[in-house]
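Pasting structure-v7.txt here (compact mmCIF, C-alpha atoms):
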# COMPACT_ATOMS: atom_id res chain seq x y z
CA MET A 9 253.99 140.17 210.12
CA THR A 10 253.26 138.73 206.69
CA ALA A 11 256.27 138.49 204.36
CA THR A 12 257.83 136.26 201.73
CA THR A 13 260.65 133.79 202.30
CA TYR A 14 262.75 134.68 199.27
CA PRO A 15 263.02 138.42 198.52
CA GLU A 16 265.22 137.52 195.57
CA PHE A 17 262.28 135.91 193.75
CA ASN A 18 261.09 138.38 191.10
CA ALA A 19 259.31 138.92 187.80
CA ASN A 20 261.60 136.49 186.00
CA THR A 21 261.50 133.66 188.53
CA GLU A 22 260.14 130.45 187.06
CA SER A 23 257.29 128.63 188.80
CA ILE A 24 259.17 125.33 188.75
CA ASP A 25 261.89 126.95 190.87
CA VAL A 26 259.32 128.20 193.37
CA ALA A 27 257.83 124.71 193.59
CA LYS A 28 261.27 123.19 194.25
CA ALA A 29 261.93 125.74 197.00
CA PHE A 30 258.73 124.76 198.82
CA SER A 31 258.47 121.09 197.86
CA GLU A 32 257.40 120.03 201.35
CA ARG A 33 254.28 122.22 201.03
CA ILE A 34 253.25 120.39 197.84
CA ARG A 35 254.24 116.75 198.32
CA GLY A 36 251.23 114.57 199.15
CA LYS A 37 248.72 117.44 198.90
CA THR A 38 245.47 117.74 196.97
CA ILE A 39 245.56 120.70 194.59
CA VAL A 40 242.92 122.10 192.23
CA VAL A 41 243.81 124.41 189.33
CA THR A 42 241.11 125.99 187.18
CA GLY A 43 241.91 126.48 183.51
CA GLY A 44 242.37 123.59 181.13
CA ASN A 45 244.28 125.18 178.26
CA ARG A 46 247.63 123.56 177.46
CA ASN A 47 248.98 126.95 176.31
CA GLY A 48 247.98 129.00 179.34
CA ILE A 49 249.41 129.80 182.75
CA ALA A 50 247.02 127.31 184.34
CA PHE A 51 249.07 124.58 182.71
CA SER A 52 252.42 126.00 183.85
CA THR A 53 250.92 126.35 187.34
CA ALA A 54 249.81 122.72 187.32
CA GLN A 55 253.15 121.66 185.85
CA ALA A 56 255.07 123.30 188.70
CA PHE A 57 252.86 121.61 191.30
CA ALA A 58 253.13 118.25 189.53
CA SER A 59 256.92 118.43 189.66
CA GLN A 60 256.85 118.06 193.45
CA SER A 61 254.59 115.00 193.73
CA PRO A 62 251.20 116.10 195.04
CA ALA A 63 248.82 113.25 195.85
CA HIS A 64 246.02 114.54 193.64
CA LEU A 65 246.05 117.26 190.98
CA ILE A 66 242.64 118.25 189.66
CA ILE A 67 242.44 120.23 186.42
CA ALA A 68 239.10 122.03 186.14
CA GLY A 69 238.07 123.57 182.84
CA ARG A 70 235.28 124.12 180.37
CA THR A 71 236.40 121.91 177.47
CA PRO A 72 237.04 118.20 178.20
CA SER A 73 239.40 117.74 175.27
CA LYS A 74 241.61 120.63 176.43
CA ILE A 75 241.66 119.33 179.98
CA GLN A 76 242.68 115.90 178.74
CA GLU A 77 245.42 117.38 176.55
CA SER A 78 246.85 119.10 179.62
CA ILE A 79 246.59 115.98 181.75
CA ASP A 80 248.25 113.85 179.07
CA ALA A 81 251.18 116.29 178.89
CA LEU A 82 251.51 116.40 182.68
CA LYS A 83 251.29 112.64 182.98
CA ALA A 84 254.03 112.17 180.38
CA GLU A 85 256.37 114.38 182.42
CA PHE A 86 255.28 113.44 185.96
CA PRO A 87 253.56 110.01 185.81
CA SER A 88 253.34 109.34 189.55
CA VAL A 89 250.68 111.97 190.25
CA ASP A 90 246.96 111.13 190.37
CA TYR A 91 245.37 113.53 187.85
CA ARG A 92 241.64 114.19 187.70
CA ALA A 93 239.57 116.13 185.19
CA LEU A 94 236.66 118.28 186.33
CA GLN A 95 234.42 119.95 183.78
CA ILE A 96 233.18 123.39 184.79
CA ASN A 97 231.80 126.37 182.91
CA LEU A 98 232.46 129.22 185.32
CA SER A 99 230.02 131.56 183.56
CA SER A 100 227.11 129.27 184.47
CA GLN A 101 226.04 128.89 188.08
CA GLU A 102 224.30 125.64 187.15
CA SER A 103 227.55 124.23 185.78
CA VAL A 104 229.51 125.44 188.82
CA ARG A 105 227.07 123.74 191.16
CA SER A 106 227.23 120.55 189.13
CA ALA A 107 231.04 120.55 189.17
CA ALA A 108 231.14 121.22 192.91
CA ALA A 109 228.71 118.37 193.55
CA GLU A 110 230.85 116.02 191.46
CA PHE A 111 234.00 117.03 193.31
CA LEU A 112 232.33 116.61 196.69
CA SER A 113 231.22 113.12 195.65
CA TRP A 114 234.83 111.92 195.23
CA SER A 115 235.17 110.05 198.51
CA ASP A 116 238.76 109.10 197.69
CA VAL A 117 239.67 112.81 197.61
CA PRO A 118 238.44 113.88 201.06
CA THR A 119 240.34 117.18 201.27
CA VAL A 120 241.61 120.04 199.17
CA ASP A 121 244.72 121.85 200.37
CA ILE A 122 245.20 124.41 197.60
CA LEU A 123 242.89 125.91 194.97
CA VAL A 124 244.38 128.20 192.32
CA ASN A 125 241.70 130.05 190.35
CA THR A 126 243.47 130.71 187.08
CA ALA A 127 240.71 130.33 184.47
CA GLY A 128 239.13 133.45 183.05
CA ILE A 129 237.91 135.46 180.10
CA MET A 130 239.15 138.82 178.85
CA CYS A 131 237.78 141.65 176.71
CA VAL A 132 234.55 140.10 175.43
CA PRO A 133 233.89 142.38 172.40
CA GLU A 134 230.25 143.21 173.14
CA ARG A 135 228.51 143.59 176.47
CA THR A 136 227.20 140.10 177.26
CA LEU A 137 225.18 138.77 180.18
CA SER A 138 225.34 135.29 181.65
CA ASP A 139 222.28 133.03 181.87
CA GLU A 140 221.68 134.57 185.29
CA GLY A 141 221.76 138.11 183.88
CA ILE A 142 225.24 139.03 185.18
CA GLU A 143 227.87 140.80 183.06
CA LEU A 144 229.97 137.98 181.64
CA HIS A 145 233.42 138.97 182.96
CA PHE A 146 232.09 139.36 186.49
CA ALA A 147 230.01 136.18 186.22
CA THR A 148 232.98 134.11 185.02
CA ASN A 149 236.04 135.63 186.63
CA HIS A 150 234.52 136.32 190.04
CA ILE A 151 231.13 134.72 190.71
CA GLY A 152 232.03 131.35 189.17
CA HIS A 153 235.24 130.99 191.16
CA TRP A 154 233.76 132.40 194.36
CA LEU A 155 230.73 130.09 194.19
CA PHE A 156 232.85 127.02 193.44
CA ALA A 157 235.16 127.71 196.39
CA CYS A 158 232.22 128.29 198.73
CA LEU A 159 230.46 125.11 197.63
CA ILE A 160 233.51 122.89 198.20
CA MET A 161 234.55 124.61 201.44
CA SER A 162 233.93 121.48 203.51
CA LYS A 163 237.00 119.87 201.87
CA PHE A 164 239.14 122.90 202.67
CA ILE A 165 237.96 122.77 206.28
CA LYS A 166 238.78 119.06 206.46
CA ALA A 167 242.28 119.75 205.11
CA SER A 168 242.81 122.58 207.60
CA GLU A 169 242.33 120.16 210.51
CA SER A 170 245.76 118.62 209.81
CA ASN A 171 247.53 121.53 208.08
CA PRO A 172 249.48 124.30 209.82
CA ILE A 173 247.56 127.55 210.19
CA GLY A 174 247.59 129.36 206.85
CA ALA A 175 248.76 126.37 204.80
CA THR A 176 245.30 125.65 203.36
CA ARG A 177 244.96 128.26 200.65
CA ILE A 178 242.89 129.74 197.85
CA VAL A 179 244.75 131.83 195.27
CA ASN A 180 242.89 134.08 192.85
CA VAL A 181 244.75 135.06 189.71
CA SER A 182 243.94 138.72 189.18
CA SER A 183 245.79 141.26 187.00
CA ALA A 184 247.29 144.74 187.19
CA SER A 185 243.76 146.18 187.20
CA PRO A 186 243.54 146.49 191.01
CA MET A 187 246.40 149.00 190.79
CA ARG A 188 244.08 151.41 188.96
CA ASP A 189 240.47 150.47 189.54
CA GLY A 190 237.75 149.81 192.09
CA MET A 191 234.31 148.31 191.73
CA ARG A 192 231.52 149.73 189.56
CA TRP A 193 228.80 149.37 192.19
CA SER A 194 226.22 151.71 190.67
CA ASP A 195 226.26 150.00 187.27
CA MET A 196 227.46 146.40 187.55
CA ASN A 197 226.05 145.45 184.14
CA PHE A 198 227.57 148.40 182.26
CA GLU A 199 224.39 150.13 181.14
CA LYS A 200 225.24 153.78 181.93
CA PRO A 201 227.75 156.00 180.12
CA ASN A 202 230.97 156.17 182.10
CA LYS A 203 230.66 159.93 182.61
CA ASP A 204 227.37 159.40 184.49
CA LEU A 205 228.95 157.18 187.14
CA PRO A 206 230.03 158.56 190.52
CA LYS A 207 233.51 160.02 190.11
CA GLU A 208 235.17 157.30 192.19
CA GLU A 209 233.60 154.56 190.04
CA GLN A 210 234.60 155.96 186.66
CA PRO A 211 237.33 153.99 184.90
CA PHE A 212 240.94 155.07 184.47
CA TYR A 213 240.36 156.86 181.17
CA GLU A 214 243.98 157.42 180.20
CA TRP A 215 244.73 153.70 180.42
CA LEU A 216 241.71 152.84 178.26
CA LYS A 217 242.83 155.43 175.70
CA ALA A 218 246.33 153.95 175.71
CA TRP A 219 244.74 150.66 174.72
CA GLY A 220 243.18 152.39 171.69
CA TYR A 221 239.65 152.90 172.98
CA THR A 222 237.92 156.12 171.90
CA ASP A 223 235.07 158.24 173.24
CA VAL A 224 235.58 156.44 176.54
CA GLU A 225 233.60 158.89 178.68
CA ASN A 226 230.40 158.38 176.69
CA LYS A 227 230.43 154.59 176.34
CA PRO A 228 228.84 152.33 178.94
CA TYR A 229 230.82 149.20 178.09
CA LEU A 230 234.45 148.92 177.14
CA PRO A 231 235.80 145.34 177.03
CA LEU A 232 238.95 146.10 179.01
CA ASP A 233 236.92 147.82 181.74
CA GLY A 234 234.63 144.81 182.04
CA TYR A 235 237.66 142.62 182.57
CA ALA A 236 239.30 145.06 184.99
CA ARG A 237 236.37 145.26 187.40
CA SER A 238 236.18 141.48 187.66
CA LYS A 239 239.89 141.37 188.51
CA VAL A 240 239.37 143.85 191.36
CA ALA A 241 236.73 141.46 192.66
CA ASN A 242 239.36 138.69 192.77
CA VAL A 243 241.27 140.68 195.41
CA LEU A 244 238.20 141.63 197.43
CA PHE A 245 237.04 137.98 197.39
CA GLY A 246 240.19 137.07 199.32
CA ILE A 247 239.73 139.79 201.92
CA GLY A 248 236.14 138.73 202.54
CA ALA A 249 237.12 135.06 202.72
CA ASN A 250 239.91 135.74 205.21
CA LYS A 251 237.47 137.49 207.54
CA ARG A 252 235.28 134.38 207.59
CA LEU A 253 237.81 131.56 207.39
CA TYR A 254 241.23 132.50 208.71
CA SER A 255 240.72 132.85 212.47
CA LYS A 256 238.33 129.90 212.59
CA TYR A 257 240.09 127.45 210.26
CA GLY A 258 243.42 128.96 209.24
CA ILE A 259 242.34 129.06 205.58
CA LEU A 260 244.16 131.86 203.75
CA THR A 261 243.01 133.49 200.51
CA LEU A 262 245.25 135.74 198.39
CA ALA A 263 245.25 137.38 194.95
CA VAL A 264 248.11 137.77 192.49
CA HIS A 265 249.04 139.73 189.40
CA PRO A 266 250.76 137.19 187.11
CA GLY A 267 252.32 139.73 184.78
CA ILE A 268 251.74 139.99 181.03
CA ILE A 269 252.01 136.72 179.14
CA LYS A 270 251.16 135.92 175.52
CA THR A 271 248.32 133.42 175.89
CA GLU A 272 244.93 132.80 174.27
CA LEU A 273 243.28 135.03 176.90
CA GLY A 274 243.39 137.91 174.42
CA ARG A 275 241.89 135.89 171.57
CA ASP A 276 238.98 138.35 171.23
CA PHE A 277 241.23 141.39 170.65
CA PRO A 278 240.61 143.13 167.30
CA ALA A 279 243.61 144.11 165.18
CA GLU A 280 243.62 147.73 166.35
CA ARG A 281 243.68 146.64 170.00
CA LEU A 282 246.60 144.31 169.37
CA ALA A 283 248.43 147.20 167.71
CA SER A 284 247.86 149.43 170.75
CA VAL A 285 249.08 146.72 173.10
CA GLN A 286 252.20 146.22 170.98
CA ALA A 287 252.83 149.98 171.07
CA LEU A 288 252.69 149.93 174.88
CA HIS A 289 255.14 147.04 174.88
CA ASP A 290 257.47 148.86 172.50
CA LYS A 291 257.45 151.90 174.82
CA GLY A 292 258.52 149.71 177.71
CA VAL A 293 255.24 150.01 179.62
CA PHE A 294 255.33 146.25 180.16
CA PHE A 295 257.30 143.21 179.08
CA TYR A 296 256.17 139.71 178.22
CA ARG A 297 256.97 136.86 180.59
CA THR A 298 257.31 133.17 179.95
CA LEU A 299 254.42 130.94 180.97
CA GLY A 300 256.53 129.68 183.85
CA ALA A 301 257.26 133.18 185.12
CA GLY A 302 253.56 133.98 184.73
CA ALA A 303 252.72 131.18 187.14
CA SER A 304 255.44 131.89 189.69
CA THR A 305 253.57 134.45 191.82
CA SER A 306 250.64 132.04 192.10
CA LEU A 307 253.05 129.40 193.41
CA VAL A 308 254.51 131.81 195.98
CA ALA A 309 251.01 132.74 197.14
CA ALA A 310 250.00 129.09 197.34
CA VAL A 311 252.92 127.63 199.25
CA ASP A 312 255.26 130.19 200.86
CA PRO A 313 254.90 129.48 204.61
CA LYS A 314 256.03 132.96 205.63
CA ILE A 315 253.00 134.59 204.04
CA GLY A 316 250.30 135.13 206.62
CA LEU A 317 247.07 137.01 207.18
CA PRO A 318 247.02 140.40 205.44
CA GLU A 319 247.28 143.33 207.84
CA THR A 320 246.66 147.04 207.82
CA ASN A 321 249.76 149.23 208.10
CA GLU A 322 250.85 152.76 207.24
CA LYS A 323 251.12 151.80 203.55
CA SER A 324 247.77 150.15 202.92
CA GLU A 325 244.74 148.37 204.25
CA ASN A 326 245.05 144.58 204.01
CA HIS A 327 248.76 144.66 203.18
CA GLY A 328 249.57 141.21 201.83
CA ALA A 329 246.23 140.55 200.12
CA TYR A 330 247.76 141.23 196.69
CA LEU A 331 251.05 139.95 195.29
CA ALA A 332 253.03 140.76 192.15
CA ASP A 333 256.48 139.71 190.90
CA CYS A 334 256.60 136.97 193.56
CA GLN A 335 256.40 139.53 196.38
CA ILE A 336 253.74 141.29 198.43
CA SER A 337 252.62 144.43 196.61
CA ASP A 338 251.35 147.71 198.02
CA ALA A 339 250.51 149.02 194.55
CA ALA A 340 246.78 148.21 194.74
CA HIS A 341 244.27 151.06 194.68
CA PRO A 342 242.84 151.65 198.19
CA ARG A 343 239.35 150.62 197.04
CA ALA A 344 240.73 147.31 195.71
CA VAL A 345 242.00 146.29 199.17
CA SER A 346 239.25 147.83 201.30
CA SER A 347 237.57 145.65 203.92
CA ASN A 348 234.33 147.61 203.48
CA GLU A 349 234.43 147.04 199.72
CA ALA A 350 235.10 143.34 200.34
CA GLU A 351 232.05 143.06 202.58
CA ARG A 352 229.91 144.76 199.99
CA LEU A 353 231.14 142.33 197.34
CA TRP A 354 230.51 139.30 199.55
CA LYS A 355 226.91 140.35 200.20
CA LEU A 356 226.33 141.08 196.50
CA SER A 357 227.81 137.70 195.54
CA GLU A 358 225.45 135.90 197.93
CA GLU A 359 222.51 137.82 196.46
CA LEU A 360 223.51 136.94 192.90
CA VAL A 361 223.77 133.20 193.63
CA LYS A 362 220.73 133.28 195.97
CA GLN A 363 222.62 131.51 198.74
CA GLU A 364 224.30 132.58 201.95
CA PHE A 365 227.37 130.77 203.25
CA ASP A 366 228.29 130.29 206.88
CA TRP A 367 230.94 127.83 208.06

So, in terms of structure tokens, how does the structure I just supplied come out?
Amino acid sequence: MTATTYPEFNANTESIDVAKAFSERIRGKTIVVTGGNRNGIAFSTAQAFASQSPAHLIIAGRTPSKIQESIDALKAEFPSVDYRALQINLSSQESVRSAAAEFLSWSDVPTVDILVNTAGIMCVPERTLSDEGIELHFATNHIGHWLFACLIMSKFIKASESNPIGATRIVNVSSASPMRDGMRWSDMNFEKPNKDLPKEEQPFYEWLKAWGYTDVENKPYLPLDGYARSKVANVLFGIGANKRLYSKYGILTLAVHPGIIKTELGRDFPAERLASVQALHDKGVFFYRTLGAGASTSLVAAVDPKIGLPETNEKSENHGAYLADCQISDAAHPRAVSSNEAERLWKLSEELVKQEFDW
């Protein structure tokens, strides 16, 4: 049965402490973290890994200068690690393919043991499509990460040959959205008014109103809803990956809610949205975590040896696919942890990148 090693780990646990607790699962490993911002949880995630002497730590991000700033800070604190920069624009399939090809060409990095998909965008003000015609949150937060992982899978498989079953892992940083939402299958590009969607696909209106959005039933695109649907996909990605990769290779994929952290992710919020978020905070709906605490659940998902293949029980389908506060969470909406929904997403993802994957 899947479980965590330390039930005392919680919302306030720092990622550096998780890394120390599982140092043997990090030392000498090759780890990739997406997200190059020095002030984000990708950095605190990388920092925790770096503290326990991995062999290679690859920082993948869109802006070379930001990646280098992160690497310089990591190198100053933990100089013995081999750091690599990998430029990737997750919203562009062309860029993702180029980054994957570059990574695969590194013959001196033959394996990858852990990938933590932390990079993302949130609340793009206006409905925007990627170059491939995909809504930008979904293109960036799901398709980009999913495609990158699929393209570099040969290095995961190579790592799995010498790792214990379940030690080779992909971690997708999601949000609290899977606790409320499912996928928007009938209108993936947000073209129809919300009220015209099938009932089960309509957004959680009260939550959108709490964030200060108005006339939510009649609008086709609300920035928070665009973000939320892509974060549900992060969970379903893991369920689909486990079906294809766990029994054959022992590669385990999980999703986590990192908690609420003040980072640049909300840089596109208008003043009225920030005021609504502050009001929710003042009411005690959520609390802000440190960057280190925001990375801690990712570390647990990446290295806790007690965590195994998600399973269906009386509480939920795929129990263990979604973690929060450093523990397995059963708070996800049933559609966000559904195997059928995961299969539907996998097939759609293959259609959108025009490539099928079979390992």

Which residues, written as a ChimeraX atom specification, have at least one atom at most 9 Å from segment 18-32 of chain A, with only C-alpha atoms counted and residues fewer than 4 positions away on the same chain left out?
-> /A:36,52-53,55-61,266-267,297-308,311-313,332-335

Show me, as CSV, the residues of segment 159-197 of chain A having an atom within 6 Å of segment 236-253 of chain A, each with the closest atom pair and its distance in Å, using only C-alpha atoms.
residue,atom,partner,partner_atom,distance
A:Asn180,CA,A:Asn242,CA,5.8
A:Ser182,CA,A:Lys239,CA,4.9
A:Ser185,CA,A:Ala236,CA,5.1
A:Pro186,CA,A:Val240,CA,4.9
A:Met191,CA,A:Arg237,CA,5.7

Would you tabulate, counting all atoms listed in the file, all residues of segment 248-273 of chain A that have an atom at most 10 Å from an atom of segment 316-326 of chain A, showing the closest pair of atoms and their distance in Å to one decimal, sorted by chain then ascending number, as a tab-separated table?
residue	atom	partner	partner_atom	distance
A:Asn250	CA	A:Leu317	CA	7.5
A:Lys251	CA	A:Leu317	CA	9.6
A:Tyr254	CA	A:Leu317	CA	7.5
A:Ser255	CA	A:Leu317	CA	9.3
A:Gly258	CA	A:Leu317	CA	9.1
A:Ile259	CA	A:Leu317	CA	9.4
A:Leu260	CA	A:Leu317	CA	6.8
A:Thr261	CA	A:Leu317	CA	8.6
A:Leu262	CA	A:Pro318	CA	8.6

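Between atom CA of Asn125 of chain A and atom CA of Pro228 of chain A there is a distance of 28.1 Å.
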
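Here atom CA of Trp154 of chain A is placed at a distance of 27.7 Å from atom CA of Trp215 of chain A.
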
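The gap separating atom CA of Gly43 of chain A from atom CA of Tyr229 of chain A is 25.9 Å, in Å to one decimal.
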
Please supply segment 222-234 of chain A, rebuilt with N, CA, C and O atoms, as a PDB file, in the coordinates of the input.
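Now in part_7.pdb:
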ATOM      1  N   THR A 222     238.277 154.725 172.159  1.00  0.00           N
ATOM      2  CA  THR A 222     237.920 156.120 171.900  1.00  0.00           C
ATOM      3  C   THR A 222     236.565 156.443 172.512  1.00  0.00           C
ATOM      4  O   THR A 222     235.768 155.556 172.809  1.00  0.00           O
ATOM      5  N   ASP A 223     236.338 157.742 172.696  1.00  0.00           N
ATOM      6  CA  ASP A 223     235.070 158.240 173.240  1.00  0.00           C
ATOM      7  C   ASP A 223     234.720 157.511 174.548  1.00  0.00           C
ATOM      8  O   ASP A 223     233.581 157.127 174.791  1.00  0.00           O
ATOM      9  N   VAL A 224     235.724 157.311 175.376  1.00  0.00           N
ATOM     10  CA  VAL A 224     235.580 156.440 176.540  1.00  0.00           C
ATOM     11  C   VAL A 224     234.620 156.989 177.588  1.00  0.00           C
ATOM     12  O   VAL A 224     233.976 156.226 178.313  1.00  0.00           O
ATOM     13  N   GLU A 225     234.487 158.315 177.670  1.00  0.00           N
ATOM     14  CA  GLU A 225     233.600 158.890 178.680  1.00  0.00           C
ATOM     15  C   GLU A 225     232.129 158.635 178.367  1.00  0.00           C
ATOM     16  O   GLU A 225     231.296 158.550 179.275  1.00  0.00           O
ATOM     17  N   ASN A 226     231.805 158.495 177.096  1.00  0.00           N
ATOM     18  CA  ASN A 226     230.400 158.380 176.690  1.00  0.00           C
ATOM     19  C   ASN A 226     229.919 156.943 176.511  1.00  0.00           C
ATOM     20  O   ASN A 226     228.728 156.707 176.319  1.00  0.00           O
ATOM     21  N   LYS A 227     230.826 155.993 176.563  1.00  0.00           N
ATOM     22  CA  LYS A 227     230.430 154.590 176.340  1.00  0.00           C
ATOM     23  C   LYS A 227     230.141 153.895 177.672  1.00  0.00           C
ATOM     24  O   LYS A 227     230.868 154.088 178.644  1.00  0.00           O
ATOM     25  N   PRO A 228     229.121 153.068 177.702  1.00  0.00           N
ATOM     26  CA  PRO A 228     228.840 152.330 178.940  1.00  0.00           C
ATOM     27  C   PRO A 228     229.708 151.092 179.108  1.00  0.00           C
ATOM     28  O   PRO A 228     230.077 150.734 180.225  1.00  0.00           O
ATOM     29  N   TYR A 229     230.042 150.453 178.008  1.00  0.00           N
ATOM     30  CA  TYR A 229     230.820 149.200 178.090  1.00  0.00           C
ATOM     31  C   TYR A 229     232.059 149.295 177.220  1.00  0.00           C
ATOM     32  O   TYR A 229     231.985 149.576 176.023  1.00  0.00           O
ATOM     33  N   LEU A 230     233.186 149.076 177.846  1.00  0.00           N
ATOM     34  CA  LEU A 230     234.450 148.920 177.140  1.00  0.00           C
ATOM     35  C   LEU A 230     235.041 147.585 177.585  1.00  0.00           C
ATOM     36  O   LEU A 230     235.137 147.321 178.791  1.00  0.00           O
ATOM     37  N   PRO A 231     235.403 146.708 176.662  1.00  0.00           N
ATOM     38  CA  PRO A 231     235.800 145.340 177.030  1.00  0.00           C
ATOM     39  C   PRO A 231     236.885 145.278 178.108  1.00  0.00           C
ATOM     40  O   PRO A 231     236.789 144.463 179.037  1.00  0.00           O
ATOM     41  N   LEU A 232     237.882 146.135 178.022  1.00  0.00           N
ATOM     42  CA  LEU A 232     238.950 146.100 179.010  1.00  0.00           C
ATOM     43  C   LEU A 232     238.440 146.488 180.401  1.00  0.00           C
ATOM     44  O   LEU A 232     238.894 145.946 181.416  1.00  0.00           O
ATOM     45  N   ASP A 233     237.480 147.406 180.453  1.00  0.00           N
ATOM     46  CA  ASP A 233     236.920 147.820 181.740  1.00  0.00           C
ATOM     47  C   ASP A 233     236.097 146.695 182.364  1.00  0.00           C
ATOM     48  O   ASP A 233     236.140 146.482 183.577  1.00  0.00           O
ATOM     49  N   GLY A 234     235.370 145.956 181.526  1.00  0.00           N
ATOM     50  CA  GLY A 234     234.630 144.810 182.040  1.00  0.00           C
ATOM     51  C   GLY A 234     235.559 143.801 182.694  1.00  0.00           C
ATOM     52  O   GLY A 234     235.288 143.295 183.793  1.00  0.00           O
TER      53      GLY A 234
END
